[in-house]
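Notes for the one structure printed next.
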Amino acid sequence: MAPPSTDERLTRRRQWRLRSYVLDRRDFNEIRMRLPRAVRRDVEAAPEGHVGLVTQAIVGEEGDMPLAVLYDNAPASVATEGMRRLERRLTELLG
């Protein structure tokens, strides 16, 4: 059997899936504080009445390091809409 072509290998590498989380404000802000400073400065702390949103692009097995991660927060009443927006943004970034 011939080895996979370059196109087949690239297609396999681009296969990723999204994993999204809605976190309570306190948990999100604790996670944010543990991020490296270079990442943390672009992630706003969730204010009172908001929840934290995290979306990851995962490649490979469960538990592997994510390919990309985006963080945001939104009022709890519109968390679902905020998560969809964050997922769309990550999908666009990864093409």
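Naming scheme: A, B, ... for chains in displayed order of the structure tokens; residues 1 onward per chain; ligands 1 onward as shown.
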> Taking the backbone alone, and naming residues the way the document does, which bits of chain A are strand (DSSP E or B) by DSSP, as a list in words?
Replying inline: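 Of chain A, the ones in strand (DSSP E or B) are Arg17, Leu18, Arg19, Ser20, Tyr21, Val22, Leu23, Asp24, His50, Val51, Gly52, Leu53, Val54, Thr55, Gln56, Ala57, Ile58, Ala68, Val69, Leu70, Tyr71, Asp72, Asn73, Ala74 and Pro75 of chain A.
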>> Considering only alpha helix (DSSP H) as DSSP defines it on the backbone, what residues of chain A qualify? List them as a PyMOL selection string.
In response: chain A and resi 6-13+25-34+37-40+79-94
Just-selected residues, N, CA and C atoms written as a short mmCIF file (atom, residue, chain, number, x, y, z; two decimals), in the first residue's frame:
data_model
loop_
_atom_site.label_atom_id
_atom_site.label_comp_id
_atom_site.auth_asym_id
_atom_site.auth_seq_id
_atom_site.Cartn_x
_atom_site.Cartn_y
_atom_site.Cartn_z
N THR A 6 0.37 13.87 0.19
CA THR A 6 0.51 15.10 0.99
C THR A 6 -0.86 15.69 1.29
N ASP A 7 -1.76 15.71 0.29
CA ASP A 7 -3.11 16.25 0.50
C ASP A 7 -3.84 15.49 1.59
N GLU A 8 -3.74 14.16 1.59
CA GLU A 8 -4.42 13.36 2.62
C GLU A 8 -3.85 13.65 4.01
N ARG A 9 -2.53 13.79 4.10
CA ARG A 9 -1.92 14.09 5.40
C ARG A 9 -2.34 15.46 5.90
N LEU A 10 -2.40 16.46 5.02
CA LEU A 10 -2.83 17.80 5.43
C LEU A 10 -4.28 17.79 5.87
N THR A 11 -5.11 17.05 5.17
CA THR A 11 -6.52 16.96 5.54
C THR A 11 -6.65 16.36 6.93
N ARG A 12 -5.90 15.32 7.21
CA ARG A 12 -5.97 14.71 8.54
C ARG A 12 -5.49 15.67 9.62
N ARG A 13 -4.47 16.44 9.34
CA ARG A 13 -3.95 17.39 10.33
C ARG A 13 -4.96 18.49 10.63
N ARG A 25 -18.51 32.61 37.19
CA ARG A 25 -17.62 33.78 37.22
C ARG A 25 -16.36 33.52 38.06
N ARG A 26 -16.56 32.98 39.24
CA ARG A 26 -15.43 32.77 40.15
C ARG A 26 -14.43 31.76 39.57
N ASP A 27 -14.92 30.63 39.05
CA ASP A 27 -14.03 29.62 38.46
C ASP A 27 -13.27 30.19 37.26
N PHE A 28 -13.98 30.92 36.41
CA PHE A 28 -13.35 31.52 35.23
C PHE A 28 -12.23 32.48 35.64
N ASN A 29 -12.51 33.34 36.61
CA ASN A 29 -11.50 34.31 37.03
C ASN A 29 -10.30 33.64 37.69
N GLU A 30 -10.52 32.53 38.39
CA GLU A 30 -9.40 31.77 38.96
C GLU A 30 -8.54 31.16 37.87
N ILE A 31 -9.18 30.60 36.84
CA ILE A 31 -8.43 30.03 35.71
C ILE A 31 -7.65 31.15 35.01
N ARG A 32 -8.30 32.28 34.81
CA ARG A 32 -7.67 33.42 34.15
C ARG A 32 -6.39 33.83 34.88
N MET A 33 -6.43 33.84 36.20
CA MET A 33 -5.26 34.26 36.97
C MET A 33 -4.10 33.28 36.84
N ARG A 34 -4.37 32.05 36.45
CA ARG A 34 -3.30 31.06 36.28
C ARG A 34 -2.72 31.06 34.87
N ARG A 37 1.01 35.58 31.79
CA ARG A 37 0.70 37.01 31.70
C ARG A 37 0.42 37.47 30.27
N ALA A 38 1.17 36.95 29.31
CA ALA A 38 0.97 37.35 27.91
C ALA A 38 -0.43 36.98 27.41
N VAL A 39 -0.98 35.91 27.91
CA VAL A 39 -2.34 35.48 27.53
C VAL A 39 -3.36 36.23 28.37
N ARG A 40 -3.10 36.30 29.66
CA ARG A 40 -4.04 36.90 30.62
C ARG A 40 -4.40 38.35 30.28
N ALA A 79 -25.47 33.61 27.74
CA ALA A 79 -24.29 32.76 27.66
C ALA A 79 -24.27 31.90 26.40
N THR A 80 -25.42 31.37 26.01
CA THR A 80 -25.48 30.51 24.82
C THR A 80 -25.09 31.30 23.57
N GLU A 81 -25.62 32.50 23.43
CA GLU A 81 -25.27 33.34 22.28
C GLU A 81 -23.79 33.69 22.29
N GLY A 82 -23.26 34.02 23.47
CA GLY A 82 -21.85 34.35 23.60
C GLY A 82 -20.97 33.17 23.22
N MET A 83 -21.38 31.96 23.61
CA MET A 83 -20.60 30.76 23.29
C MET A 83 -20.62 30.52 21.78
N ARG A 84 -21.76 30.67 21.15
CA ARG A 84 -21.84 30.48 19.69
C ARG A 84 -20.92 31.47 18.97
N ARG A 85 -20.92 32.71 19.43
CA ARG A 85 -20.06 33.74 18.83
C ARG A 85 -18.58 33.37 19.00
N LEU A 86 -18.20 32.89 20.17
CA LEU A 86 -16.82 32.50 20.43
C LEU A 86 -16.42 31.29 19.57
N GLU A 87 -17.32 30.32 19.44
CA GLU A 87 -17.05 29.16 18.60
C GLU A 87 -16.89 29.56 17.14
N ARG A 88 -17.74 30.47 16.67
CA ARG A 88 -17.63 30.96 15.29
C ARG A 88 -16.28 31.65 15.07
N ARG A 89 -15.88 32.45 16.05
CA ARG A 89 -14.60 33.17 15.95
C ARG A 89 -13.43 32.20 15.85
N LEU A 90 -13.43 31.14 16.67
CA LEU A 90 -12.36 30.17 16.64
C LEU A 90 -12.37 29.40 15.32
N THR A 91 -13.54 29.05 14.84
CA THR A 91 -13.65 28.35 13.56
C THR A 91 -13.09 29.20 12.43
N GLU A 92 -13.39 30.49 12.43
CA GLU A 92 -12.87 31.40 11.41
C GLU A 92 -11.34 31.54 11.51
N LEU A 93 -10.82 31.59 12.72
CA LEU A 93 -9.37 31.70 12.90
C LEU A 93 -8.63 30.49 12.35
N LEU A 94 -9.22 29.32 12.50
CA LEU A 94 -8.56 28.10 12.07
C LEU A 94 -8.87 27.74 10.61
#
> What's the 9 Å shell around Asn73 in chain A, counting only C-alpha atoms, without same-chain residues fewer than 2 positions away, as a PyMOL selection string?
Replying inline: chain A and resi 22+25+28+43-47+50-54+71+75-76+79+82-83
How would the residues just picked look written out with C-alpha atoms as a PDB file, in the first residue's frame?
ATOM      1  CA  VAL A  22     -19.472  27.803  30.403  1.00  0.00           C
ATOM      2  CA  ARG A  25     -17.617  33.776  37.225  1.00  0.00           C
ATOM      3  CA  PHE A  28     -13.350  31.516  35.228  1.00  0.00           C
ATOM      4  CA  VAL A  43      -8.628  37.953  28.675  1.00  0.00           C
ATOM      5  CA  GLU A  44     -10.984  40.200  30.600  1.00  0.00           C
ATOM      6  CA  ALA A  45     -12.059  39.128  34.075  1.00  0.00           C
ATOM      7  CA  ALA A  46     -15.741  38.215  34.266  1.00  0.00           C
ATOM      8  CA  PRO A  47     -17.636  40.912  36.186  1.00  0.00           C
ATOM      9  CA  HIS A  50     -21.366  37.288  33.934  1.00  0.00           C
ATOM     10  CA  VAL A  51     -20.136  33.761  33.230  1.00  0.00           C
ATOM     11  CA  GLY A  52     -16.835  32.694  31.694  1.00  0.00           C
ATOM     12  CA  LEU A  53     -16.710  31.158  28.235  1.00  0.00           C
ATOM     13  CA  VAL A  54     -13.915  28.898  27.008  1.00  0.00           C
ATOM     14  CA  TYR A  71     -11.629  32.984  26.357  1.00  0.00           C
ATOM     15  CA  PRO A  75     -23.896  38.091  30.892  1.00  0.00           C
ATOM     16  CA  ALA A  76     -25.331  34.837  32.238  1.00  0.00           C
ATOM     17  CA  ALA A  79     -24.287  32.757  27.665  1.00  0.00           C
ATOM     18  CA  GLY A  82     -21.847  34.346  23.597  1.00  0.00           C
ATOM     19  CA  MET A  83     -20.605  30.763  23.285  1.00  0.00           C
TER      20      MET A  83
END
> Quick one, how far is CA of Leu18 in chain A from CA of Leu70 in chain A?
Replying inline: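 CA of Leu70 in chain A lies 10.9 Å from CA of Leu18 in chain A.
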> Hey, what's within 9 Å of Pro66 in chain A if we count only C-alpha atoms and toss same-chain stuff fewer than 4 positions away? As a VMD selection string, please?
Replying inline: chain A and resid 56 to 60
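Considering only C-alpha atoms, the residue among A:Gly49, A:Pro36, A:Gly95, A:Glu61 positioned nearest to Ala74 in chain A is A:Gly49.
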> What separation in Å, quoted to one decimal, exists between CA of Leu23 in chain A and CA of Leu35 in chain A?
Replying inline: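 So the two atoms, CA of Leu23 in chain A and CA of Leu35 in chain A, lie 15.5 Å apart.
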>> When you count only C-alpha atoms, which of these residues is closest to Arg17 in chain A: A:Ser77, A:Val69, A:Arg41, A:Glu48?
In response: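 Among A:Ser77, A:Val69, A:Arg41, A:Glu48, it is A:Val69 that comes nearest to Arg17 in chain A.
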